[in-house]
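Colleague: What follows is a structure written as structure tokens; I'll ask about it next.
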Amino acid sequence: MFPWLSVLIALPAVGAFGVTLLPKGADELAKRFALAVSTLVAVLTVVMAFQFKTGGARFQFTESYWWIKAFGVHWAVGADGVALVLILLSVILVPLVVLASWNDAERSGGASENPPKRSVKIYFALILALEAMMIGVFASTDVFMFYVFFEAMLIPVYFIIGSYGGPQRSYAAVKFLLYSLAGGLLMLVAVIWLYPLSARPVAAGGLGHPSFLFSELTHLQIEPTTAKWLFMGFFIAFAIKAPLVPFHTWLPDAAGQAPAGAAVLIVGVLDKVGTYGMLRFCLELFPGAARWATPLVLTLSVIGIVYGAILAIGQVDLKRLIAYTSISHFGFITLGIFAMTSQAQAGATLYMVNHGFSTGALFIVAGFMISRRGSARIDAYGGVQKVAPLLAGTFLIAGLSGLSLPGLSSFVSEFLVLVGTFSRYRVPAVIATVGMILAAIYILWMYQRTMNGPTAPAVSAMKDLSRREVVAVVPIIAIIVALGFFPKPILDVINPSVKQTLSRVHQVDPKPTVADQLIKTGARP
Amino acid sequence: MTGSAVLNTVAIGDIQAPHLEYGQLGPMLLVFGVAVLGVLVEALVGRGWRQFIQVPLTFAGLAGAFVWILVLGVKDKPLHVAAEGAVGVDAPTLFLQGTILVLALVSLLLIADRQNGAFTPQASALPGSDAEREGIASGTVQSELYPLMLFAVGGMMLFTAANDLLTMFVALEVMSLPLYIMCGLARRRRLLSQEAAVKYFLLGAFSSAFFLYGTALLYGYAGSVRLSDIATATGNNAGSEPLLLAGIALLSVGLLFKLGAVPFQAWKPDVYQGAPTPVTALMASCTLVAAVGATLRVFYVALENMSWDWRPMMWGVAILTMLVGAIIAITQTDLKRMLAYSSIAHAGFLLTGVIATSQAGLSGTLFYLAAYGFTTIGAFAVITMVRDAGGEAGHLSRWAGLGKRSPVVAGVFAFFLLAFAGIPLTSGFTGKFAVFKAAIDGGATPLVVVGVISSAIAAFFYLRVIVVMFFSEPAADGPAVVTTIPTAAAVALGATVTVVLGVLPQPMLDVAGQAASHLFVR
């Protein structure tokens with residue numbers, strides 16, 4: 001069988017290396033090369049995705065070889081429905097990001113008036129390296145390998161923020177890396193702890209041999225107390241990554257300072273690794289501990305939804321505003337994951353994809369605006385709609401998806417999460433609904449301040465989207481609309497995996513009450 | 001337990017020549033022999049020729065000894081105590097000795113690289129003075145460095161192999177005395193260099209005294225200085241406990257000093273900073289390997305029955321070492337000092353492997369030593385390359401914007417720093433995983449938690465250097481990067497090993513695992 005996933009990981013990695021080898025002045029070549037590699041990866045992934053059998057084995061395209069035998073570590077890859085859609089999200093976003101940040105690398109400078117020229121090829125090499133690691137992290141079915149990608153991924157992002165970001169870039173980069181590293185190291189303790197646990201004899205609840213394979217680790221019998229510690233080790237790392245309130249403060253800085261293209265990947269894909277990890281590892285490896293932690297996680301999620309939204313309303317910086325809306329949205333995702341009903345988890349997974357696209361589009365268009373105006377402050381704009389209608393239009397659609405307008409993709413997922421949560425936890429679901437109202441405020445108010453009203457003098461010469469920019473953003477808008485009307489293909493891929501997760505956690509969907517029935521029939525006209 | 005070789009009082013006349021296993025002692029004898037040869041070269045060969053003879057000679061001696069060790073290792077016959085029980089040539093010893101030799105070879109690249117001007121031609125000459133110019137013109141170079149280095153390396157090899165405390169003490173002195181001298185030979189900042197030498201000498205002498213005192217007390221307890229006899233005595237619970245405990249404490253002081261464990265770490269930053277950087281590289285890699293090797297042997301063999309008594313103490317030392325090393329490093333502004341504190345923190349990580357006292361602990365520690373040694377030499381080699389008018393640009397602020405001026409050198413240095421921080425896909429991560437795995441396996445989870453916390457703290461100052469190099473604007477009169485072939489080769493070797501042990505560590509882990517499979521001989 002063709003080693004799809006290994007090839008998909010290797011291709012951008014080799015591409016990244018190739019870009020660094022290009023001669024010094026060949027900026028244009030580096031961009032085209034990066035675009036070609038990332039497009040090829042996207043095409044291959046789509047081809048692979050069509051071979052995914054929705055009724056087949058849970059993990060498909062699996063490969064497994066010994067990597068570090070002394071530690072019981074495999075190079076093991078495979079994709080279930082959840083991993084597949086997240087890989088798709090990553091590989092579709094990367095070429096668009098490359099296209100959107102075509103001129104960002106040389107322009108972005110820093111605090112000084114005449115920022116020195118930055119290496120263009122290194123920027124695109126880092127993006128490609130990041131792509132390889134993003135695919136790797138979702139495709140790993142070995143916990144050790146997952147950890148390796150989870151940590152190694154931080155390094156390219158650190159350099160992208162630190163070298164190509166805004167005026168506060170070095171502060172933001174260090175904060176980002178220290179937060180993530182601290183969480184990752186706690187997870188490392190938990191990962192190492194799995195080694196002696198799995199090496200125990202079968203009679204004592206172990207496997208008889210050290211292993212980090214996900215498929216084997218799910219058979220471990222872990223004492224409840226140990227499981228709680230391990231759960232916390234993994235969970236805090238993922239909560240920092242996702243980010244869940246109170247671990248969220250790095251995100252606005254990182255996303256606000258990163259170049260817009262990298263912000264798409266940070267918020268759109270990297271943060272999904274956190275929620276993906278919760279769904280995959282926290283829930284399935286430590287089901288008992290996950291049930292034990294549910295009340296806490298639900299509380300934090302609901303706080304995150306409301307708090308993130310309120311903070312978003314108060315932001316004066318475009319990119320920071322989008323980052324705070326994401327914190328609110330991540331609250332929905334974790335709420336859906338830990339509500340532990342099939343609707344909520346399917347909704348949460350779909351939300352990860354939709355949020356990736358809609359926030360990605362917001363960041364990309366915001367990046368276009370910032371590169372024209374030279375400022376990220378909301379009050380630096382006004383009346384853009386009149387001078388750049390295409391730009392304003394795409395911004396509006398992306399924003400409306402962010403506030404979950406029916407007919408756009410986020411609506412389906414947010415609705416599924418709320419319905420699924422309501423059937424088991426009423427109060428959190430009701431409070432979370434407030435987040436939808438606040439979303440309307442922050443999105444529409446931002447749109448109103450930047451796009452409507454009298455055209456600000458500094459904006460009057462603003463050009464509308466160029467052809468390159470249209471090509472970068474239209475596919476995302478198309479996906480947002482398409483998934484809004486027809487999410488079924490994605491849900492069909494996701495659902496079997498979610499069912500499996502829930503059966504691992506020993507949760508069955510609560511019997512629908514009359515009220516739920518009404519809601520459901522209301523949902524399906 | 002072998003019962004042979006008990007110390008007897010012997011009457012004059014029936015002294016027999018001791019039975020020596022020359023084959024197993026060969027590597028050490030070769031290194032010492034070449035060192036003696038080097039002294040002869042110093043005495044008999046004209047000034048101009050010395051350097052050209054000493055470098056190949058030293059290289060040949062170290063490489064020959066390494067090949068010999070490979071042969072011993074591959075022959076795979078059961079190795080055991082040699083030289084009437086004074087030396088234990090077993091698999092862990094061979095691994096440690098091999099590591100010392102390879103690391104010494106890489107350090108030799110730096111020491112022999114005369115273009116970097118790290119060493120003074122004459123200890124009394126000031127840099128830039130007439131006396132120095134005269135010295136250079138007359139061809140005076142400190143070619144006695146090479147025999148000194150060989151003696152030190154030989155001492156390190158013996159230190160890891162010593163199977164009784166007296167031999168260990170002799171080895172300790174043999175390895176330390178040349179290092180004291182080598183520390184004082186820096187060309188630039190002579191005062192710092194001489195201060196380092198004197199400080200190292202005085203504190204080293206103190207710690208040797210502690211070691212010797214501990215040896216005496218343990219002899220009083222067990223009636224023998226052999227590690228296996230001490231183990232037997234502790235097993236039988238014979239002798240007076242105060243002697244034993246005081247002996248362990250004093251002996252540990254001596255060993256932990258060489259390791260640079262807190263609270264015996266004070267010498268490390270000063271000495272690392274003051275010594276010529278090639279010598280610092282040698283100390284940071286080879287001396288650390290030797291010190292950990294001897295510590296392993298003492299705690300795994302002689303004191304294995306006493307682990308209930310020494311474990312709490314070592315827990316405390318390990319925790320302090322990791323935390324203090326990481327926290328104080330944050331405030332450092334000199335790169336060499338910073339790496340010294342980082343070395344202290346790493347000594348703490350190594351101690352977690354020592355505390356595990358298991359096969360996994362031993363193999364993890366062995367792997368860690370090899371991985372860390374290469375990364376360290378590479379990092380110091382980069383430091384020798386970055387120079388401004390006054391020699392090496394040691395101050396952190398001078399490195400601002402190096403990533404723009406020489407991206408490759410800065411990139412490699414950043415890579416070494418990431419390896420120190422234990423980022424996956426570097427050897428530092430694999431090593432950390434190996435020792436922490438052994439520690440958790442041995443039930444020392446809290447120790448590992450402290451370990452990862454101090455890793456996170458340590459990451460902060462490694463990142464700070466990267467921030468300075470890559471995210472700051474270069475200064476107008478920044479330092480220049482001087483690339484010479486030997487130094488570049490050392491950097492390349494260090495980087496290659498750091499990558500390979502991070503990405504494909506299995507072969508090396510196998511070697512370390514095999515070396516540790518039978519633990520130490522008695």
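Residue names in the structure tokens use chain letters A, B, ... in the order shown, residue numbers from 1 in each chain, and ligand numbers from 1 in the order shown.
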Could you work out which residues of chain B fall inside 8 Å of chain A? Count only C-alpha atoms, and format the result as a list of chain:residue names.

Modeller: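 Every residue of chain B that passes the 8 Å test is in B:Ile423, B:Pro424, B:Leu425, B:Phe433, B:Ala434, B:Phe436, B:Lys437, B:Ile440, B:Asp441, B:Val448, B:Val449, B:Val452, B:Ile453, B:Ser455, B:Ala456, B:Ala459, B:Phe460, B:Leu463, B:Val467, B:Phe470, B:Phe471, B:Leu504, B:Pro505, B:Gln506, B:Leu509, B:Asp510.
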
Colleague: Based on the selection just made, write N, CA and C atoms of those residues as a PDB file, in the first residue's frame.

Modeller:
```pdb
ATOM      1  N   ILE B 423      14.602  20.136  23.285  1.00  0.00           N
ATOM      2  CA  ILE B 423      13.536  20.134  22.283  1.00  0.00           C
ATOM      3  C   ILE B 423      13.623  18.835  21.485  1.00  0.00           C
ATOM      4  N   PRO B 424      12.493  18.206  21.195  1.00  0.00           N
ATOM      5  CA  PRO B 424      12.529  16.942  20.448  1.00  0.00           C
ATOM      6  C   PRO B 424      13.266  17.071  19.120  1.00  0.00           C
ATOM      7  N   LEU B 425      13.742  15.922  18.642  1.00  0.00           N
ATOM      8  CA  LEU B 425      14.547  15.807  17.430  1.00  0.00           C
ATOM      9  C   LEU B 425      15.966  16.330  17.628  1.00  0.00           C
ATOM     10  N   PHE B 433      14.900  12.152  27.967  1.00  0.00           N
ATOM     11  CA  PHE B 433      13.874  11.114  28.025  1.00  0.00           C
ATOM     12  C   PHE B 433      14.435   9.853  28.662  1.00  0.00           C
ATOM     13  N   ALA B 434      15.668   9.499  28.275  1.00  0.00           N
ATOM     14  CA  ALA B 434      16.258   8.257  28.786  1.00  0.00           C
ATOM     15  C   ALA B 434      16.449   8.316  30.298  1.00  0.00           C
ATOM     16  N   PHE B 436      15.026  10.441  32.502  1.00  0.00           N
ATOM     17  CA  PHE B 436      13.762  10.651  33.210  1.00  0.00           C
ATOM     18  C   PHE B 436      12.923   9.370  33.230  1.00  0.00           C
ATOM     19  N   LYS B 437      12.999   8.622  32.136  1.00  0.00           N
ATOM     20  CA  LYS B 437      12.279   7.340  32.075  1.00  0.00           C
ATOM     21  C   LYS B 437      12.780   6.412  33.180  1.00  0.00           C
ATOM     22  N   ILE B 440      11.513   7.718  36.595  1.00  0.00           N
ATOM     23  CA  ILE B 440      10.104   7.414  36.879  1.00  0.00           C
ATOM     24  C   ILE B 440       9.932   5.925  37.128  1.00  0.00           C
ATOM     25  N   ASP B 441      10.660   5.133  36.361  1.00  0.00           N
ATOM     26  CA  ASP B 441      10.619   3.694  36.559  1.00  0.00           C
ATOM     27  C   ASP B 441      11.050   3.339  37.971  1.00  0.00           C
ATOM     28  N   VAL B 448      11.456  13.974  38.636  1.00  0.00           N
ATOM     29  CA  VAL B 448      11.271  14.257  37.212  1.00  0.00           C
ATOM     30  C   VAL B 448      10.440  15.527  37.036  1.00  0.00           C
ATOM     31  N   VAL B 449       9.459  15.701  37.923  1.00  0.00           N
ATOM     32  CA  VAL B 449       8.654  16.923  37.818  1.00  0.00           C
ATOM     33  C   VAL B 449       9.547  18.145  38.038  1.00  0.00           C
ATOM     34  N   VAL B 452      11.535  18.694  34.870  1.00  0.00           N
ATOM     35  CA  VAL B 452      10.902  19.380  33.744  1.00  0.00           C
ATOM     36  C   VAL B 452      10.647  20.851  34.081  1.00  0.00           C
ATOM     37  N   ILE B 453      10.380  21.132  35.357  1.00  0.00           N
ATOM     38  CA  ILE B 453      10.186  22.549  35.715  1.00  0.00           C
ATOM     39  C   ILE B 453      11.483  23.311  35.483  1.00  0.00           C
ATOM     40  N   SER B 455      13.768  22.482  33.460  1.00  0.00           N
ATOM     41  CA  SER B 455      13.961  22.570  32.004  1.00  0.00           C
ATOM     42  C   SER B 455      13.224  23.770  31.447  1.00  0.00           C
ATOM     43  N   ALA B 456      12.007  23.988  31.952  1.00  0.00           N
ATOM     44  CA  ALA B 456      11.234  25.128  31.458  1.00  0.00           C
ATOM     45  C   ALA B 456      11.913  26.435  31.827  1.00  0.00           C
ATOM     46  N   ALA B 459      14.902  26.833  29.671  1.00  0.00           N
ATOM     47  CA  ALA B 459      14.547  27.208  28.299  1.00  0.00           C
ATOM     48  C   ALA B 459      14.536  28.719  28.154  1.00  0.00           C
ATOM     49  N   PHE B 460      14.162  29.406  29.220  1.00  0.00           N
ATOM     50  CA  PHE B 460      14.057  30.864  29.137  1.00  0.00           C
ATOM     51  C   PHE B 460      15.385  31.504  28.738  1.00  0.00           C
ATOM     52  N   LEU B 463      16.456  30.649  25.222  1.00  0.00           N
ATOM     53  CA  LEU B 463      15.680  31.445  24.263  1.00  0.00           C
ATOM     54  C   LEU B 463      16.183  32.868  24.199  1.00  0.00           C
ATOM     55  N   VAL B 467      16.874  35.015  21.014  1.00  0.00           N
ATOM     56  CA  VAL B 467      16.241  36.324  20.778  1.00  0.00           C
ATOM     57  C   VAL B 467      17.305  37.345  20.410  1.00  0.00           C
ATOM     58  N   PHE B 470      18.783  36.530  16.855  1.00  0.00           N
ATOM     59  CA  PHE B 470      17.942  36.569  15.664  1.00  0.00           C
ATOM     60  C   PHE B 470      16.972  37.735  15.638  1.00  0.00           C
ATOM     61  N   PHE B 471      16.481  38.159  16.792  1.00  0.00           N
ATOM     62  CA  PHE B 471      15.402  39.139  16.767  1.00  0.00           C
ATOM     63  C   PHE B 471      15.882  40.536  17.109  1.00  0.00           C
ATOM     64  N   LEU B 504      17.735   9.574  15.004  1.00  0.00           N
ATOM     65  CA  LEU B 504      17.869   8.118  14.943  1.00  0.00           C
ATOM     66  C   LEU B 504      18.769   7.625  16.077  1.00  0.00           C
ATOM     67  N   PRO B 505      18.303   7.690  17.298  1.00  0.00           N
ATOM     68  CA  PRO B 505      19.192   7.373  18.417  1.00  0.00           C
ATOM     69  C   PRO B 505      19.335   5.879  18.680  1.00  0.00           C
ATOM     70  N   GLN B 506      18.578   5.048  17.939  1.00  0.00           N
ATOM     71  CA  GLN B 506      18.524   3.642  18.332  1.00  0.00           C
ATOM     72  C   GLN B 506      19.897   2.959  18.409  1.00  0.00           C
ATOM     73  N   LEU B 509      21.628   4.062  21.514  1.00  0.00           N
ATOM     74  CA  LEU B 509      20.927   3.550  22.687  1.00  0.00           C
ATOM     75  C   LEU B 509      21.227   2.064  22.875  1.00  0.00           C
ATOM     76  N   ASP B 510      21.351   1.347  21.753  1.00  0.00           N
ATOM     77  CA  ASP B 510      21.697  -0.075  21.846  1.00  0.00           C
ATOM     78  C   ASP B 510      23.060  -0.257  22.481  1.00  0.00           C
TER      79      ASP B 510
END
```

Colleague: Just the helix (DSSP H, G or I) stuff from range 222-340 of chain A, please, per backbone DSSP, written as a PyMOL selection string.

Modeller: chain A and resi 224-241+250-257+260-285+287-313+318-339

Colleague: Given the choices B:Val225, B:Met156, B:Ala490, B:Ile69, which gets closest to Gly293 in chain B if the distance is worked out from only C-alpha atoms?

Modeller: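 When distances to Gly293 in chain B are compared using only C-alpha atoms, the smallest one comes from B:Met156.
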
Colleague: Which residues are close to Leu335 in chain B, i.e. within 7 Å by only C-alpha atoms, leaving aside same-chain residues fewer than 2 positions away? Reply as a list in words.

Modeller: Thr333, Arg337, Met338, Leu339, Gly394, His395 and Leu396 of chain B

Colleague: Residues at most 10 Å from Leu96 in chain B, counting only C-alpha atoms, excluding those fewer than 4 positions away in the same chain, as a VMD selection string?

Modeller: chain B and resid 91 to 92 100 to 102 156 to 157 160 to 161 286 289 to 290 292 to 294 366 to 367 369 to 370 512 515

Colleague: Please produce a file of the residues just selected, as a CSV table (one decimal), in the first residue's frame, where the atoms kept are all heavy atoms.

Modeller:
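After the write, out_11.csv holds the following:
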```csv
chain,number,residue,atom,x,y,z
B,91,ALA,N,32.0,-3.2,30.7
B,91,ALA,CA,31.4,-2.6,29.6
B,91,ALA,C,31.1,-1.1,29.8
B,91,ALA,O,31.4,-0.3,29.0
B,91,ALA,CB,30.1,-3.4,29.3
B,92,PRO,N,30.5,-0.7,31.0
B,92,PRO,CA,30.3,0.7,31.2
B,92,PRO,C,31.6,1.5,31.2
B,92,PRO,O,31.6,2.6,30.6
B,92,PRO,CB,29.7,0.8,32.6
B,92,PRO,CG,29.2,-0.6,32.9
B,92,PRO,CD,30.0,-1.5,32.1
B,100,ILE,N,35.1,9.5,26.5
B,100,ILE,CA,36.1,10.5,26.8
B,100,ILE,C,37.1,10.7,25.7
B,100,ILE,O,37.4,11.8,25.3
B,100,ILE,CB,36.8,10.1,28.1
B,100,ILE,CG1,35.9,10.1,29.3
B,100,ILE,CG2,38.1,10.9,28.4
B,100,ILE,CD1,36.5,9.5,30.6
B,101,LEU,N,37.5,9.6,25.1
B,101,LEU,CA,38.5,9.7,24.1
B,101,LEU,C,38.0,10.4,22.8
B,101,LEU,O,38.6,11.3,22.3
B,101,LEU,CB,39.0,8.3,23.7
B,101,LEU,CG,39.9,7.7,24.7
B,101,LEU,CD1,40.1,6.2,24.4
B,101,LEU,CD2,41.3,8.4,24.7
B,102,VAL,N,36.7,10.1,22.4
B,102,VAL,CA,36.2,10.8,21.3
B,102,VAL,C,36.0,12.3,21.5
B,102,VAL,O,36.3,13.1,20.7
B,102,VAL,CB,34.8,10.1,20.8
B,102,VAL,CG1,34.2,10.9,19.7
B,102,VAL,CG2,35.1,8.7,20.4
B,156,MET,N,41.4,10.9,33.5
B,156,MET,CA,39.9,10.7,33.4
B,156,MET,C,39.5,9.3,33.2
B,156,MET,O,38.6,8.7,33.7
B,156,MET,CB,39.3,11.6,32.3
B,156,MET,CG,39.4,13.1,32.6
B,156,MET,SD,39.0,14.0,31.1
B,156,MET,CE,39.6,15.6,31.5
B,157,MET,N,40.3,8.6,32.2
B,157,MET,CA,40.0,7.2,31.9
B,157,MET,C,40.2,6.3,33.1
B,157,MET,O,39.4,5.4,33.4
B,157,MET,CB,40.9,6.8,30.8
B,157,MET,CG,40.6,7.4,29.4
B,157,MET,SD,41.8,7.1,28.2
B,157,MET,CE,41.6,5.4,27.9
B,160,THR,N,37.3,6.7,35.7
B,160,THR,CA,36.1,6.0,35.5
B,160,THR,C,36.3,4.5,35.7
B,160,THR,O,35.3,3.8,35.9
B,160,THR,CB,35.6,6.2,34.1
B,160,THR,OG1,36.6,5.7,33.2
B,160,THR,CG2,35.2,7.6,33.8
B,161,ALA,N,37.5,4.0,35.7
B,161,ALA,CA,37.8,2.6,35.8
B,161,ALA,C,38.1,2.2,37.2
B,161,ALA,O,38.1,1.0,37.5
B,161,ALA,CB,38.9,2.2,34.8
B,286,CYS,N,34.6,16.2,28.8
B,286,CYS,CA,35.4,15.0,29.2
B,286,CYS,C,35.4,14.9,30.8
B,286,CYS,O,35.1,13.8,31.3
B,286,CYS,CB,36.8,15.0,28.7
B,286,CYS,SG,36.9,15.0,26.9
B,289,VAL,N,32.1,13.7,32.0
B,289,VAL,CA,31.9,12.2,31.8
B,289,VAL,C,32.7,11.4,32.8
B,289,VAL,O,32.1,10.5,33.4
B,289,VAL,CB,32.4,11.8,30.4
B,289,VAL,CG1,32.3,10.3,30.2
B,289,VAL,CG2,31.7,12.6,29.3
B,290,ALA,N,33.9,11.8,33.1
B,290,ALA,CA,34.7,11.1,34.1
B,290,ALA,C,34.1,11.2,35.5
B,290,ALA,O,34.0,10.2,36.2
B,290,ALA,CB,36.2,11.7,34.1
B,292,VAL,N,31.0,11.8,36.3
B,292,VAL,CA,29.8,11.0,36.4
B,292,VAL,C,30.1,9.6,36.5
B,292,VAL,O,29.5,8.8,37.2
B,292,VAL,CB,28.8,11.4,35.3
B,292,VAL,CG1,27.6,10.5,35.3
B,292,VAL,CG2,28.4,12.8,35.4
B,293,GLY,N,31.1,9.2,35.6
B,293,GLY,CA,31.4,7.8,35.6
B,293,GLY,C,31.9,7.3,37.0
B,293,GLY,O,31.4,6.2,37.4
B,294,ALA,N,32.8,8.0,37.6
B,294,ALA,CA,33.2,7.6,38.9
B,294,ALA,C,32.1,7.6,39.9
B,294,ALA,O,31.9,6.7,40.8
B,294,ALA,CB,34.3,8.5,39.4
B,366,LEU,N,24.6,7.0,30.6
B,366,LEU,CA,25.7,6.8,29.6
B,366,LEU,C,25.4,7.6,28.3
B,366,LEU,O,26.2,8.3,27.7
B,366,LEU,CB,26.0,5.4,29.3
B,366,LEU,CG,26.6,4.5,30.4
B,366,LEU,CD1,26.8,3.1,30.0
B,366,LEU,CD2,27.9,5.1,30.9
B,367,PHE,N,24.1,7.3,27.8
B,367,PHE,CA,23.7,8.0,26.6
B,367,PHE,C,23.7,9.5,26.7
B,367,PHE,O,24.2,10.2,25.9
B,367,PHE,CB,22.3,7.5,26.2
B,367,PHE,CG,21.8,8.1,25.0
B,367,PHE,CD1,22.1,7.6,23.7
B,367,PHE,CD2,21.0,9.3,25.0
B,367,PHE,CE1,21.6,8.1,22.6
B,367,PHE,CE2,20.6,9.9,23.8
B,367,PHE,CZ,20.9,9.3,22.6
B,369,LEU,N,25.5,11.3,28.7
B,369,LEU,CA,26.8,11.9,28.7
B,369,LEU,C,27.4,12.1,27.3
B,369,LEU,O,27.9,13.1,27.0
B,369,LEU,CB,27.7,11.0,29.5
B,369,LEU,CG,27.6,11.0,31.0
B,369,LEU,CD1,28.4,9.9,31.7
B,369,LEU,CD2,28.1,12.4,31.5
B,370,ALA,N,27.2,11.0,26.5
B,370,ALA,CA,27.7,11.1,25.1
B,370,ALA,C,27.0,12.2,24.4
B,370,ALA,O,27.7,13.0,23.7
B,370,ALA,CB,27.5,9.8,24.4
B,512,ALA,N,24.7,1.8,24.4
B,512,ALA,CA,24.6,2.2,25.8
B,512,ALA,C,23.9,1.1,26.6
B,512,ALA,O,24.3,0.8,27.7
B,512,ALA,CB,23.9,3.5,26.0
B,515,ALA,N,26.2,-1.8,27.1
B,515,ALA,CA,27.2,-1.5,28.0
B,515,ALA,C,26.7,-1.6,29.4
B,515,ALA,O,27.4,-1.9,30.4
B,515,ALA,CB,27.7,-0.1,27.8
```
